[in-house]
Amino acid sequence: MTHLLNEIYRQLFQAFGHRHWWPGESREEVIIGAILTQNVAWRNVSSAIENLRKHRLLTLADIHRANLELIASLIMSTRFFHQKARKLKNFTGFLFTNYSGSLDEMFARPTCELRKELLSINGLGEETADSILLYAGGKAVFVVDAYTKRIFSRMGITSEEMTYQEYQAFFMSALKPDAGLYNDYHAQIVYLGHHYCKAKNPACDKCPIRRLCRLGGATLESTPAG
DNA sequence: GCCCAGGGGGCTC
DNA sequence: GAGCCCCATGGG
């Protein structure tokens with residue numbers, strides 16, 4: 001499986017180039033984006049980030065101090081904005097209570113321990129916690145998302161029934177523990193999913209997934225979505 | 001107008 | 001642990 005997963009990445013890299021993820025100019029912006037992007041297209045997140053920037057609320061310390069309803073009003077474009085404003089505050093509350101507001105201190109924790117702590121915060125599930133660990137903390141943690149499940153199960157490599165943890169273990173047991181690789185691999189998957197694997201339009205002639213399907217031993221015709 | 005987008009929590013059984 | 005509902009904007 002190691003060879004297959006490396007070969008898939010090689011072909012994605014060849015097709016799309018390095019994706020240079022995550023979009024965000026600082027670790028703090030990455031964390032804020034990771035929470036805001038839950039179940040919403042990134043374009044909706046962009047305008048919310050710009051709103052926060054304009055109001056000088058794009059740092060965790062500022063969010064920690066800011067009024068909850070003000071935050072909610074600025075991130076309205078990301079859906080579920082009351083919940084997400086609360087989630088942002090839950091994270092900053094955790095950071096300031098346990099690490100004096102210092103990301104350096106927080107990320108100095110052993111990754112496994114920190115992951116458990118992040119998951120204990122209301123509003124942070126596995127994907128969000130892992131995105132923070134990988135993209136803000138530079139930790140070698142593979143991020144699984146809806147596209148990962150959709151694409152790899154359509155390729156006949158995994159089952160859609162597998163849990164998040166099973167998907168993560170599947171990738172991490174096959175790939176070398178390399179944050180740079182995990183970073184771009186996930187970014188490639190999102191790019192592929194975004195451009196070629198929409199829920200109701202799983203394939204098109206240009207889609208690299210046709211080649212990838214052959215790698216996975218499946219054909220588009222044999223997949224339920226194909 | 002309709003569809004859906006990079007989730008997560010809470011509740012029920 | 002699975003199956004459901006809730007949250008609730010904006011672009012194609």
# chains A, B, ... in the order shown; residues from 1 in each chain; ligands from 1
>>> interface_residues(of="chain B", to="chain A", cutoff="10 Å", atoms="only C-alpha atoms (C1' of nucleotides)", output="list in words")
DC4, DA5, DG6, DG7, DG8 and DG9 of chain B
>>> closest_atom_pairs(of="chain C", to="chain A", cutoff="8 Å", atoms="only C-alpha atoms (C1' of nucleotides)", output="CSV")
residue,atom,partner,partner_atom,distance
C:DC7,C1',A:Phe80,CA,4.9
C:DA8,C1',A:Phe80,CA,5.6
C:DT9,C1',A:Arg79,CA,4.9
C:DG10,C1',A:Ser77,CA,7.1
>>> write_last_selection(atoms="N, CA and C atoms (P, O5', C5', C4', C3', O3' and C1' of nucleotides)", output="compact mmCIF listing (two decimals), in the first residue's frame")
# COMPACT_ATOMS: atom_id res chain seq x y z
P DC C 7 -31.95 24.99 14.49
O5' DC C 7 -30.46 25.47 14.20
C5' DC C 7 -29.56 25.67 15.28
C4' DC C 7 -28.17 25.88 14.73
C3' DC C 7 -28.10 26.91 13.60
O3' DC C 7 -27.05 27.81 13.88
C1' DC C 7 -26.97 24.94 13.00
P DA C 8 -27.42 29.35 13.92
O5' DA C 8 -27.68 29.71 12.38
C5' DA C 8 -26.58 29.93 11.55
C4' DA C 8 -26.99 29.83 10.10
C3' DA C 8 -28.14 30.75 9.65
O3' DA C 8 -27.73 31.33 8.44
C1' DA C 8 -28.52 28.59 8.88
P DT C 9 -28.43 32.54 7.72
O5' DT C 9 -27.29 33.08 6.74
C5' DT C 9 -26.00 33.36 7.26
C4' DT C 9 -24.98 33.28 6.15
C3' DT C 9 -25.33 34.09 4.90
O3' DT C 9 -24.16 34.75 4.47
C1' DT C 9 -24.97 31.82 4.31
P DG C 10 -24.25 35.89 3.37
O5' DG C 10 -23.81 35.11 2.06
C5' DG C 10 -22.54 34.48 2.04
C4' DG C 10 -22.38 33.73 0.74
C3' DG C 10 -22.88 34.48 -0.49
O3' DG C 10 -22.01 34.16 -1.56
C1' DG C 10 -23.96 32.43 -0.37
>>> select_by_dssp(residues="region 4-154 of chain A", states="alpha helix (DSSP H)", output="count of residues only")
97
